[in-house]
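So this block is data19.tsv, TSV, C-alpha atoms:
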```tsv
chain	number	residue	atom	x	y	z
N	210	MET	CA	30.41	12.94	1.17
N	211	GLU	CA	31.55	15.89	3.27
N	212	SER	CA	33.47	15.13	6.44
N	213	PRO	CA	31.59	16.18	9.59
N	214	ASP	CA	33.18	18.75	11.85
N	215	TRP	CA	33.72	16.82	15.10
N	216	GLY	CA	34.64	19.98	16.92
N	217	SER	CA	31.19	21.46	16.32
N	218	PRO	CA	28.42	20.84	18.90
N	219	SER	CA	26.00	20.28	16.02
N	220	CYS	CA	27.55	16.86	15.41
N	221	VAL	CA	26.48	15.73	18.87
N	222	ASP	CA	22.97	14.70	19.74
N	223	PRO	CA	21.47	17.52	21.84
N	224	GLY	CA	19.82	14.96	24.06
N	225	GLY	CA	23.05	13.06	24.49
N	226	SER	CA	25.35	12.96	27.48
N	227	PRO	CA	26.94	16.31	28.47
N	228	GLY	CA	30.13	14.37	29.17
N	229	LEU	CA	30.19	13.17	25.57
N	230	GLN	CA	29.65	16.74	24.32
N	231	ASP	CA	32.51	17.90	26.51
N	232	PHE	CA	34.69	15.03	25.22
N	233	VAL	CA	34.00	15.97	21.60
N	234	SER	CA	34.57	19.66	22.31
N	235	ARG	CA	37.99	18.80	23.76
N	236	LEU	CA	39.12	17.41	20.40
N	237	SER	CA	40.00	20.97	19.36
N	238	LEU	CA	42.60	21.08	22.16
N	239	PRO	CA	46.15	19.67	21.81
N	240	PRO	CA	46.36	16.08	23.15
N	241	SER	CA	48.11	15.58	26.48
N	242	PRO	CA	50.31	13.72	27.15
N	243	GLY	CA	51.98	13.49	23.76
N	244	PRO	CA	53.51	15.79	21.20
N	245	SER	CA	51.77	19.14	20.86
N	246	LEU	CA	49.93	19.84	17.61
N	247	PRO	CA	49.94	23.22	15.86
N	248	GLU	CA	46.79	25.27	16.30
N	249	ARG	CA	46.22	25.31	12.55
N	250	ASP	CA	45.77	21.50	12.37
N	251	SER	CA	42.23	20.53	11.47
N	252	VAL	CA	40.00	18.28	13.52
N	253	ALA	CA	40.44	15.58	10.86
N	254	GLN	CA	44.20	15.69	11.37
N	255	ARG	CA	43.71	15.49	15.12
N	256	LEU	CA	41.39	12.51	14.64
N	257	ALA	CA	44.03	10.89	12.43
N	258	TYR	CA	46.63	11.42	15.15
N	259	PHE	CA	44.21	10.03	17.75
N	260	SER	CA	43.51	7.05	15.47
N	261	ARG	CA	47.22	6.30	15.06
N	262	GLU	CA	47.82	6.48	18.80
N	263	ALA	CA	44.85	4.18	19.42
N	264	ALA	CA	46.18	1.71	16.84
N	265	LEU	CA	49.50	1.61	18.71
N	266	LEU	CA	47.55	0.49	21.78
N	267	GLY	CA	45.88	-2.31	19.81
N	268	ILE	CA	42.55	-0.50	19.38
N	269	SER	CA	40.80	-0.38	16.02
N	270	PRO	CA	41.63	2.95	14.31
N	271	LEU	CA	38.94	5.53	13.75
N	272	CYS	CA	39.66	5.80	10.02
N	273	GLU	CA	42.00	4.58	7.33
N	274	GLU	CA	44.85	6.83	6.20
N	275	ASP	CA	46.66	7.26	2.92
N	276	SER	CA	50.43	7.00	2.50
N	277	PHE	CA	50.78	10.64	3.63
N	278	GLY	CA	49.02	10.03	6.95
N	279	SER	CA	45.81	11.83	5.95
N	280	PRO	CA	42.36	10.29	6.53
N	281	LEU	CA	40.74	8.72	3.46
N	282	SER	CA	37.56	10.44	2.42
N	283	SER	CA	35.99	7.13	1.43
N	284	ARG	CA	35.78	6.07	5.08
N	285	GLN	CA	35.33	9.04	7.36
N	286	SER	CA	35.22	8.76	11.12
N	287	ASP	CA	31.82	9.09	12.72
N	288	LEU	CA	30.63	9.61	16.24
N	289	ARG	CA	30.01	5.91	16.81
N	290	ALA	CA	33.60	5.01	15.92
N	291	LEU	CA	34.85	7.78	18.19
N	292	VAL	CA	32.71	6.62	21.11
N	293	THR	CA	33.73	3.00	20.48
N	294	CYS	CA	37.39	4.00	20.53
N	295	ALA	CA	36.86	6.05	23.69
N	296	CYS	CA	35.12	3.09	25.36
N	297	SER	CA	38.00	0.84	24.30
N	298	LEU	CA	40.43	3.31	25.82
N	299	LEU	CA	38.41	3.38	29.05
N	300	GLN	CA	38.29	-0.41	29.10
N	301	LEU	CA	42.03	-0.54	28.52
N	302	TYR	CA	42.49	2.00	31.30
N	303	HIS	CA	40.36	-0.03	33.73
N	304	GLU	CA	42.14	-3.26	32.77
N	305	THR	CA	45.50	-1.59	33.23
N	306	SER	CA	44.37	-0.11	36.55
N	307	ALA	CA	43.16	-3.54	37.68
N	308	LYS	CA	46.45	-5.13	36.68
N	309	LEU	CA	48.31	-2.33	38.42
N	310	GLY	CA	46.22	-2.89	41.55
N	311	THR	CA	46.94	-6.61	41.37
N	312	LEU	CA	50.65	-5.91	40.97
N	313	GLU	CA	50.56	-3.49	43.91
N	314	ASN	CA	48.82	-6.11	46.07
N	315	GLN	CA	51.34	-8.71	44.97
N	316	TRP	CA	54.15	-6.27	45.73
N	317	LYS	CA	52.73	-5.60	49.20
N	318	LYS	CA	52.33	-9.34	49.78
N	319	THR	CA	55.84	-9.96	48.50
N	320	SER	CA	57.20	-7.17	50.72
N	321	SER	CA	55.39	-8.64	53.72
N	322	GLU	CA	56.71	-12.10	52.92
N	323	ARG	CA	60.18	-10.65	52.41
N	324	ASP	CA	60.06	-8.94	55.82
N	325	TYR	CA	58.82	-12.18	57.39
N	326	LEU	CA	61.60	-14.15	55.70
N	327	LYS	CA	64.14	-11.58	56.88
N	328	SER	CA	62.81	-11.97	60.42
N	329	CYS	CA	62.98	-15.77	60.13
N	330	GLN	CA	66.46	-15.50	58.66
N	331	ALA	CA	67.62	-13.31	61.55
N	332	LYS	CA	66.08	-15.75	64.04
N	333	LEU	CA	67.66	-18.75	62.32
N	334	GLN	CA	70.98	-16.90	62.14
N	335	GLY	CA	70.80	-16.34	65.89
N	336	GLN	CA	70.02	-20.01	66.46
N	337	LEU	CA	72.86	-20.97	64.12
N	338	ASP	CA	75.31	-18.72	65.97
N	339	TYR	CA	74.20	-20.20	69.30
N	340	ALA	CA	74.51	-23.75	67.91
N	341	GLU	CA	77.98	-22.99	66.56
N	342	HIS	CA	78.96	-21.58	69.96
N	343	GLU	CA	77.65	-24.71	71.68
N	344	ILE	CA	79.43	-26.95	69.17
N	345	ALA	CA	82.70	-25.08	69.74
N	346	ALA	CA	82.26	-25.46	73.52
N	347	LEU	CA	81.49	-29.18	73.16
N	348	GLN	CA	84.49	-29.67	70.89
N	349	ALA	CA	86.72	-27.93	73.43
N	350	ARG	CA	85.25	-30.12	76.19
N	351	GLU	CA	85.79	-33.20	74.03
N	352	ARG	CA	89.44	-32.26	73.45
N	353	GLN	CA	89.86	-31.74	77.18
N	354	LEU	CA	88.30	-35.12	77.96
N	355	CYS	CA	90.43	-36.81	75.31
N	356	SER	CA	93.53	-35.28	76.86
N	357	GLN	CA	92.45	-36.43	80.31
N	358	SER	CA	91.67	-39.88	78.93
N	359	ARG	CA	95.13	-40.14	77.37
N	360	SER	CA	96.67	-39.02	80.66
N	361	LEU	CA	94.65	-41.62	82.59
N	362	GLN	CA	95.57	-44.33	80.10
N	363	SER	CA	99.23	-43.43	80.47
N	364	LEU	CA	98.86	-43.46	84.26
N	365	VAL	CA	97.09	-46.83	84.18
N	366	LYS	CA	99.82	-48.22	81.95
N	367	SER	CA	102.47	-46.95	84.35
N	368	GLU	CA	100.58	-48.46	87.29
N	369	LYS	CA	100.33	-51.79	85.48
N	370	GLU	CA	104.03	-51.78	84.75
N	371	GLU	CA	104.76	-50.92	88.38
N	372	ASN	CA	102.45	-53.71	89.56
N	373	GLU	CA	104.19	-56.14	87.24
N	374	LYS	CA	107.53	-55.11	88.67
N	375	LEU	CA	106.24	-55.48	92.23
N	376	ARG	CA	104.78	-58.90	91.44
N	377	SER	CA	108.08	-59.96	89.93
N	378	VAL	CA	109.94	-58.73	93.02
N	379	VAL	CA	107.46	-60.43	95.37
N	380	ALA	CA	107.65	-63.67	93.39
N	381	SER	CA	111.45	-63.51	93.40
N	382	ARG	CA	111.55	-62.87	97.13
N	383	ALA	CA	109.01	-65.62	97.77
N	384	THR	CA	111.15	-68.06	95.80
N	385	GLN	CA	114.25	-66.90	97.65
N	386	HIS	CA	112.47	-67.21	100.98
N	387	SER	CA	111.26	-70.69	100.08
N	388	HIS	CA	114.77	-71.76	99.20
N	389	GLU	CA	116.04	-70.21	102.40
N	390	MET	CA	113.42	-72.04	104.46
N	391	LYS	CA	114.29	-75.35	102.82
N	392	ARG	CA	117.97	-74.75	103.47
N	393	LYS	CA	117.30	-73.92	107.12
N	394	GLU	CA	115.04	-76.95	107.47
N	395	GLN	CA	117.83	-79.09	106.09
N	396	GLN	CA	120.31	-77.52	108.50
N	397	LEU	CA	117.87	-78.02	111.36
N	398	GLY	CA	117.42	-81.67	110.39
N	399	LYS	CA	121.17	-82.19	110.33
N	400	MET	CA	121.51	-80.52	113.72
N	401	LYS	CA	118.81	-82.80	115.14
N	402	GLU	CA	120.62	-85.82	113.76
N	403	ARG	CA	123.88	-84.67	115.36
N	404	LEU	CA	122.20	-84.10	118.70
N	405	SER	CA	120.57	-87.49	118.48
N	406	ASP	CA	123.91	-89.12	117.71
N	407	LYS	CA	125.53	-87.37	120.68
N	408	LYS	CA	122.78	-88.57	123.01
N	409	ASP	CA	123.16	-92.08	121.77
N	410	ARG	CA	126.91	-91.96	122.37
N	411	ARG	CA	126.49	-90.66	125.89
N	412	CYS	CA	123.98	-93.34	126.70
N	413	SER	CA	126.28	-96.06	125.38
N	414	GLU	CA	129.17	-94.89	127.55
```
In structure tokens, write the structure found in this file.
Amino acid sequence: MESPDWGSPSCVDPGGSPGLQDFVSRLSLPPSPGPSLPERDSVAQRLAYFSREAALLGISPLCEEDSFGSPLSSRQSDLRALVTCACSLLQLYHETSAKLGTLENQWKKTSSERDYLKSCQAKLQGQLDYAEHEIAALQARERQLCSQSRSLQSLVKSEKEENEKLRSVVASRATQHSHEMKRKEQQLGKMKERLSDKKDRRCSE
């Protein structure tokens, strides 16, 4: 069976889509992107190259090849296989575009969340700096109060010691005064007795 010439318009249904005719007519041009093919390569070789590239993308190849990379004549490519492969490529393109759009949306969402997190981080950092400043001020105030408390405790201790000394002095003086009063009372009693004795003597004379 003779291989059809895919580069010829006669292989395309005249009533078919003009876009399909244009697609088939472009097979005679070097593929882009990809390595350029010499002008002398036949359409079959171009189809074989197209088939290999499609197979790398996980799409069913247009035709089987021998060990030399040439299409096998027992299973030639036809228009249906070519259209099926093209549709698979379009489907792969749309799926890839959809995934790319999803990734772009996720990237935008991630960027927005990242900016929001940066804003929150800056706000929290400001609050943290303010809290650290307040803590430092409170710690300084606490140290000052502790120092004042120690000073007051030392002063109170000194006052207590002074009061104890004064109480001891007052108690000692009170005891001394009491002894002095008793001694004077005794002296006064003796003087009264002497005066009484003198009066009695005068009266008896």
**Q.** Interatomic distance, atom CA of N:Leu256 to atom CA of N:Ser297 (Å, one decimal)
**A.** 15.5 Å
**Q.** Separation of atom CA of N:Cys296 from atom CA of N:Tyr258, in Å and rounded to one decimal
**A.** 17.5 Å
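Take atom CA of N:Ile268 and atom CA of N:Ala290: the distance between them is 11.1 Å.
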Got a minute to add N, CA and C atoms to stretch 330-345 of chain N and dump it as an mmCIF file, in the frame of the given file?
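What ended up in selection_1.cif:
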```cif
data_model
loop_
_atom_site.group_PDB
_atom_site.id
_atom_site.type_symbol
_atom_site.label_atom_id
_atom_site.label_comp_id
_atom_site.auth_asym_id
_atom_site.auth_seq_id
_atom_site.Cartn_x
_atom_site.Cartn_y
_atom_site.Cartn_z
ATOM 1 N N GLN N 330 65.037 -15.336 58.922
ATOM 2 C CA GLN N 330 66.460 -15.500 58.660
ATOM 3 C C GLN N 330 67.296 -15.008 59.837
ATOM 4 N N ALA N 331 66.891 -13.842 60.391
ATOM 5 C CA ALA N 331 67.620 -13.310 61.550
ATOM 6 C C ALA N 331 67.499 -14.263 62.741
ATOM 7 N N LYS N 332 66.279 -14.815 62.932
ATOM 8 C CA LYS N 332 66.080 -15.750 64.040
ATOM 9 C C LYS N 332 66.903 -17.015 63.843
ATOM 10 N N LEU N 333 66.875 -17.543 62.617
ATOM 11 C CA LEU N 333 67.660 -18.750 62.320
ATOM 12 C C LEU N 333 69.156 -18.473 62.430
ATOM 13 N N GLN N 334 69.565 -17.252 62.025
ATOM 14 C CA GLN N 334 70.980 -16.900 62.140
ATOM 15 C C GLN N 334 71.401 -16.875 63.603
ATOM 16 N N GLY N 335 70.508 -16.330 64.463
ATOM 17 C CA GLY N 335 70.800 -16.340 65.890
ATOM 18 C C GLY N 335 70.909 -17.753 66.442
ATOM 19 N N GLN N 336 69.964 -18.614 66.020
ATOM 20 C CA GLN N 336 70.020 -20.010 66.460
ATOM 21 C C GLN N 336 71.278 -20.699 65.939
ATOM 22 N N LEU N 337 71.653 -20.373 64.696
ATOM 23 C CA LEU N 337 72.860 -20.970 64.120
ATOM 24 C C LEU N 337 74.102 -20.522 64.880
ATOM 25 N N ASP N 338 74.164 -19.221 65.202
ATOM 26 C CA ASP N 338 75.310 -18.720 65.970
ATOM 27 C C ASP N 338 75.386 -19.391 67.335
ATOM 28 N N TYR N 339 74.220 -19.542 67.984
ATOM 29 C CA TYR N 339 74.200 -20.200 69.300
ATOM 30 C C TYR N 339 74.636 -21.659 69.175
ATOM 31 N N ALA N 340 74.131 -22.342 68.116
ATOM 32 C CA ALA N 340 74.510 -23.750 67.910
ATOM 33 C C ALA N 340 76.003 -23.871 67.639
ATOM 34 N N GLU N 341 76.543 -22.947 66.828
ATOM 35 C CA GLU N 341 77.980 -22.990 66.560
ATOM 36 C C GLU N 341 78.785 -22.749 67.830
ATOM 37 N N HIS N 342 78.288 -21.826 68.677
ATOM 38 C CA HIS N 342 78.960 -21.580 69.960
ATOM 39 C C HIS N 342 78.932 -22.828 70.835
ATOM 40 N N GLU N 343 77.767 -23.491 70.879
ATOM 41 C CA GLU N 343 77.650 -24.710 71.680
ATOM 42 C C GLU N 343 78.541 -25.819 71.115
ATOM 43 N N ILE N 344 78.584 -25.928 69.793
ATOM 44 C CA ILE N 344 79.430 -26.950 69.170
ATOM 45 C C ILE N 344 80.901 -26.697 69.494
ATOM 46 N N ALA N 345 81.308 -25.416 69.420
ATOM 47 C CA ALA N 345 82.700 -25.080 69.740
ATOM 48 C C ALA N 345 83.009 -25.428 71.201
#
```
